[in-house]
Protein chains: 2
Amino acid sequence: MNPPLGHDDGGMTGRQAGLRALFNPRSIALVGATDKSGWSVATHANLRVHEFGGPVYLVNPHTEVVHGERAHRSLSELPGPVDLAYVMVPTAAVLDVLRAGADAGIRAFVILTAGFGETGPEGARREAEIIAFARDRGLTVLGPNGNGYINAAAGITPYGLPIPVPLLRGPVGVVLQSGGLASAVLSFAQARNLGISLLVSMGNESMLSVTDVVGHLVDDPATRVIALFLESVRQPAEFAAAARRALAAGKPIVALKVGRSDTAQHTAQAHTGALTGDDAVIDSVFRRLGVIRVRSLEDLIITSGVLAELTRDGVTAAGPLAGNRLGVVTPSGGASEIIADRAEDEGLALPPFAPATTAALKAMLPAFADVANPLDVTGYVVVDRTLLGRALEIVVTDPGLDVVLLLADPVRDEPADPALPRAVLAANAGRIAVAPKPVVVVSNALTDVTPVGRRYLAEAGYPHVAGGIEHGLTAIGAAVRWSRARAAAAEPTPPPAGPGALRRPEGTGIWAEDRAAAFLAGCGVPVVPSRPAGDEAAAVAAADELGYPVVVKAAGLAHKSDTGGVRLGLGDAVAVRAAFGPVHAVAAGGPVLIQPYRTGGIELICGIVRDPAWGLMLAVGLGGIWVEVLRDVALRPLPVSPDEVIGALEELRGRAVLHGARGAPPADLAAVAEVITRIATVAALLGDRLESLEVNPLLVRGDQAEALDALITWRS
Amino acid sequence: MNPPLGHDDGGMTGRQAGLRALFNPRSIALVGATDKSGWSVATHANLRVHEFGGPVYLVNPHTEVVHGERAHRSLSELPGPVDLAYVMVPTAAVLDVLRAGADAGIRAFVILTAGFGETGPEGARREAEIIAFARDRGLTVLGPNGNGYINAAAGITPYGLPIPVPLLRGPVGVVLQSGGLASAVLSFAQARNLGISLLVSMGNESMLSVTDVVGHLVDDPATRVIALFLESVRQPAEFAAAARRALAAGKPIVALKVGRSDTAQHTAQAHTGALTGDDAVIDSVFRRLGVIRVRSLEDLIITSGVLAELTRDGVTAAGPLAGNRLGVVTPSGGASEIIADRAEDEGLALPPFAPATTAALKAMLPAFADVANPLDVTGYVVVDRTLLGRALEIVVTDPGLDVVLLLADPVRDEPADPALPRAVLAANAGRIAVAPKPVVVVSNALTDVTPVGRRYLAEAGYPHVAGGIEHGLTAIGAAVRWSRARAAAAEPTPPPAGPGALRRPEGTGIWAEDRAAAFLAGCGVPVVPSRPAGDEAAAVAAADELGYPVVVKAAGLAHKSDTGGVRLGLGDAVAVRAAFGPVHAVAAGGPVLIQPYRTGGIELICGIVRDPAWGLMLAVGLGGIWVEVLRDVALRPLPVSPDEVIGALEELRGRAVLHGARGAPPADLAAVAEVITRIATVAALLGDRLESLEVNPLLVRGDQAEALDALITWRS
């Protein structure tokens, strides 16, 4: 692995300018062009077929003619200036090419050549050499070991694999940490009738990373949605910053991040040497950043298409969704039922139509239609093709809906009578453009938008059609989640309710409960009262003061109950006296604590742990089997707001316990969230010095939440 | 709803003959044919375009020419005999058409006309009238309110909606409880290059049900896989019998059964008036029957395609899979990682290659390839197109794999040089046909097999290509589950280890624990000893006999601990004496029981409940929050084998508790399963009289499982 380019290398502005130049050359040299290489053939053909507007120079020291055109001996002998060199020479010759190119005034390079860091230490050394040279000379390098890029918006295609024809221009920027998948993504996007702005195959990311390209796309006016294939995120902090900028700009990021399984984590490490990080942490960080995580190539592109449609110009109701209330208009009862099942999976609500909507639909639809949401306008649509569009026109006015799904398949083959589909498409396109709420068109199943279909849709100015109910509903669910993240990010975070002036202690090692709890109490966290006792008399005095029953325990032992280090529910002085000696022995010189004995209530675990990539994370869970057996834990990156803590608690599978299942009084979630937020705020303020802070258990009784034990581990 | 046709109506043989005649007419009359109806236009066009071999008579009393052909006034005036009447006349005229048809010797009818049971009581009355007439005259009726069928195998297409061209013939029989989805299924299957044998749109199922058509397809030589869209299963017992026949015949059934969500259950009821049944019960019954449940139209067809491929003639390794060990051969590291994630989702194992496999791959692949499962042969495949096929040839010999996935996209557009793709396809088709284990070809993403692709695949004799990693892995997971169900069904069920000669008691009402437990104990189920006690002295005597500590409890109260009806852990005679009075008072005349007090161990719940559609079901779960909060219950239809009970226990989310989580000694699952199987066997032997039988808790300590309480509810 190579170190990411630091901020000392010209800063964001220089890098942004470098990226713009890389992706917008006016002339290109293909260095190492040869008829013998499939990559050279493809790159040259791509530039010609997709009509790159400037000169393309072929460089080969051994041949006069390549790809049927005149070749040049070297970069120093070209007849005109070159903005980009596309490098396909053998591994050992790459550095010389960079030297010659830099001397000839070339500032941007795509290196297709492999044999670098991905092959082992020797390759990594070669790669470091190249990058050191490039930095020294202020060059911008994409790759090595990458296929290049496709700037579809500008018709610039220095890309080493065949590009499906036609190359559709459109709103989706694609960044891939895999060369092999680019062709599949391009084919699939074309089949979805979804155009791309820029596609970049990253290669080894030795100078430019995914994060850099994401930053470029946030500023790129041709890009409305950013689609990523990720094996790992190499610069977590910078990626987070870029994602926040994208969210603020209203440009959704959709990511297929592999590594959910153990095998994939191994495979990714073998493949790129990159660490993929803990998958649950990625989930929580992406949710915070509004990065929509999907699990398939299909969802990557279909969700991107739906999100691009929601931000399309010329649509009245463009923009984030106001909520999750979905109205559904279909010509089929069967499809309605599939949609209902999938809507529930995605957390979408299907509220009944408002009375006025129902009345208007009843007046318009055949008498035998069952007017309900999801709506089946009935097979009578075969007789009256306008039925679906007229129903849509009514449903979009329903005030109780946030988004409407129209189920309609595009034309696949040339119809016998084109007038009818043309009229229907045009009418519905007009209705959707002026609808007072967003409409997502979804087809029944995931089949290609055929060339014929593409033509009809374009003629009608029809919106994007999401491919099939299965993936279309995933996309609508994603749009709701993205819209929520955007709304949450737009709200100013209230200043933390934590301690006003926390003196950051100079901690080292581990602070066990006496010290950790005292520290937390000092920061305003409710902590069970605790008195140290050095002998039986002191123990009894403390118990008398605190009130019986009490607990006598040895502080700071990890498994107190296993070792006899804790005695619970001691009801009188005699019991305290009897318990003290054995506990004191187990404590082995450490403090013995006297505390009130708490019973009942719900035990929570509240931990703040440091993820090596993403920093401090709050983990909350229910005590006992919930965490130990079920791993039922919700994660949130710090800082957190009380609302986010409530969201985390509601995400637990055992949340019913908090709502009073099994006869316990329900927890006051707002009050509990205040305490957890305060604990998290203390942890955040401890900052770099903190390794972990755990409160276990945090005992909840109604609106009371009290730390019964705590442990702080400092970073070494 | 209409009553299903009973067995008194000619028996299966007559019905089968009726179905064969219905689906194989030599001449067809379209009754109510008119240029004004889209259905009539489509049906006529379908019969002509798809070249039905016999005469098609158009019947219209008012017109001489319809669809450009001569029309006849009535069924009685046709120039030749008719095997099938396709009825499109108004609702009120349908009965007259049946009468005239029956008089003219027609035995089979498809009724497209709507306005029957689906519209309300008046329509249901009309429908009953028609069916009564048909039964009386021995007619076979498909519908009403259905679009008809497509017998692609025989080129017979009396079907009321346009059929995409070309209509591909193939191995999949499709039965749909939705007319609207048929077009989507046909289009999607065509796009997947998957042919159908017979597609039937069921309509109201008033005489013929899905089950009848499934039975027909099990016997149909053109059908290898049966794909169903189900809103409800109207004849559970008959459906189960047909599914068992299909499993025994090696014909997989794949079902998209809607109604997972509450909304869908409502929608289905509104749509067809059918009850959809409890969804978890459906899951468990389908698993037992080997019916593969999918959640999308895409999975319905793609899974059917993969299962059809596994049973294709001319493939060496055709047949069920031996296990879940998947080998993967791809040209892309990124795709490998997506596959690894999806394989884990589907319960597929990705074992390391055997040493010989690894050595052979290393000798063949470029030095920089990382030889592992999943295998990425590297982008060098661009240079050497044979790389993938040669790697496949090695991997299929690995003895540690049950099935191999080859990731390869079919040709989409006409290639510049057709020779190369032709050679690669032909070589790989040959390798796959003779491979010693099944190979499933999967494309990267779900795009159409284009007409060009279809031609190339056919020329090469290439196997079916599953559409995309996402759905392809779902299909491979389904193939493993189907293969397991088939293997399990093939094994003879061992005779139940229950009581040899159970005297079936004539129970009524509810048997509380004293009676229920005694009955179970008599049947050989381990039950905690229990002694009734009428007074303090008897209670103490019983406790002395059983040994302290003991429990004193009022038998048969539902919430004993809430009402003071139970006292636990009584350590001596004094405590028993003190407890007896209050418990006796709560018992209110019912028996008071003395039992040994058990502590520790794991509490299970073991219930047998009657599902109104599917009969007695075993439900097992862990006690406490697991059932109460998490609804963590596994269901199995009766009868069950001990192996199935172990499978059910292993399905629980809290299974780690059984394996010794939280310090408890692990349960001996085989021993526990023996006891649960015995309880289930007792319930099964009680048969029709039983409403429910619950053992709660069943206390498990190591290899001991003992019923602490039981309740039997008899059917009224």
# chains A, B, ... in the order shown; residues from 1 in each chain; ligands from 1
$ closest_atom_pairs --of "chain B" --to "chain A" --cutoff "6 Å" --atoms "only C-alpha atoms" --output "JSON lines"
{"residue": "B:Ser178", "atom": "CA", "partner": "A:Gly334", "partner_atom": "CA", "distance": 5.3}
{"residue": "B:Gly180", "atom": "CA", "partner": "A:Ser332", "partner_atom": "CA", "distance": 4.9}
{"residue": "B:Val258", "atom": "CA", "partner": "A:Ile338", "partner_atom": "CA", "distance": 5.9}
{"residue": "B:Arg260", "atom": "CA", "partner": "A:Asp341", "partner_atom": "CA", "distance": 5.6}
{"residue": "B:Ser261", "atom": "CA", "partner": "A:Asp341", "partner_atom": "CA", "distance": 4.9}
{"residue": "B:Thr263", "atom": "CA", "partner": "A:Ala340", "partner_atom": "CA", "distance": 5.9}
{"residue": "B:Ala264", "atom": "CA", "partner": "A:Glu337", "partner_atom": "CA", "distance": 4.8}
{"residue": "B:Ser296", "atom": "CA", "partner": "A:Glu470", "partner_atom": "CA", "distance": 5.9}
{"residue": "B:Ser332", "atom": "CA", "partner": "A:Gly180", "partner_atom": "CA", "distance": 4.8}
{"residue": "B:Gly334", "atom": "CA", "partner": "A:Ser178", "partner_atom": "CA", "distance": 5.3}
{"residue": "B:Glu337", "atom": "CA", "partner": "A:Ala264", "partner_atom": "CA", "distance": 4.8}
{"residue": "B:Ile338", "atom": "CA", "partner": "A:Val258", "partner_atom": "CA", "distance": 5.9}
{"residue": "B:Ala340", "atom": "CA", "partner": "A:Ala264", "partner_atom": "CA", "distance": 5.2}
{"residue": "B:Asp341", "atom": "CA", "partner": "A:Ser261", "partner_atom": "CA", "distance": 4.9}
{"residue": "B:Thr447", "atom": "CA", "partner": "A:Asp448", "partner_atom": "CA", "distance": 5.9}
{"residue": "B:Asp448", "atom": "CA", "partner": "A:Asp448", "partner_atom": "CA", "distance": 5.7}
{"residue": "B:Glu470", "atom": "CA", "partner": "A:Ser296", "partner_atom": "CA", "distance": 5.9}
$ select_by_dssp --residues "segment 2-183 of chain B" --states "strand (DSSP E or B)" --output "ChimeraX atom specification"
/B:28-31,56-59,65-66,69-72,84-87,108-111,140-142,148-151,156,159,169-176
$ residues_around --residues "Thr223 of chain B" --least-positions-apart "5" --cutoff "10 Å" --atoms "only C-alpha atoms" --output "list in words"
Ala153, Gly170, Pro171, Val172, Gly173, Val174, Ile196, Ser197, Leu198, His216, Leu217, Val218, Lys251 and Ala308 of chain B
$ atom_distance --atom1 "atom CA of Leu365 of chain A" --atom2 "atom CA of Ala124 of chain B"
21.7 Å
$ residues_around --residues "Arg293 of chain A" --least-positions-apart "6" --cutoff "10 Å" --atoms "only C-alpha atoms" --output "VMD selection string"
chain A and resid 228 253 to 258 282 to 283 286 to 287 299 to 300 303 478
$ closest_residue --among "A:Leu78, A:Gly565, A:Ala435, A:Ala539" --to "Val586 of chain A" --atoms "only C-alpha atoms"
A:Gly565
$ residues_around --residues "Gly203 of chain A" --least-positions-apart "6" --cutoff "6 Å" --atoms "only C-alpha atoms" --output "ChimeraX atom specification"
/A:143-146
$ closest_residue --among "B:Ala317, B:Leu520, B:Val328, B:Leu457" --to "Thr681 of chain B" --atoms "only C-alpha atoms"
B:Leu520
$ closest_residue --among "A:Gly400, A:Pro612, A:Pro582, A:Pro221" --to "Arg234 of chain A" --atoms "only C-alpha atoms"
A:Pro612
$ select_by_dssp --residues "segment 287-339 of chain B" --states "helix (DSSP H, G or I)" --output "list in words"
Arg287, Arg288, Leu289, Leu297, Glu298, Asp299, Leu300, Ile301, Ile302, Thr303, Ser304, Gly305, Val306, Leu307, Ala308, Glu309, Leu310, Gly333, Gly334, Ala335, Ser336, Glu337, Ile338 and Ile339 of chain B
$ residues_around --residues "Ser530 of chain A" --least-positions-apart "2" --cutoff "12 Å" --atoms "only C-alpha atoms" --output "JSON, numbers by chain"
{"A": [513, 514, 515, 516, 517, 518, 521, 526, 527, 528, 532, 533, 539, 542, 543, 545, 546, 547, 550, 551, 552, 553, 554, 555, 591, 592, 593, 594, 595, 596, 597, 707, 708, 709]}
$ residues_around --residues "Leu348 of chain A" --least-positions-apart "6" --cutoff "9 Å" --atoms "only C-alpha atoms" --output "number ranges by chain"
A: 323-326, 342, 473, 476-477, 480
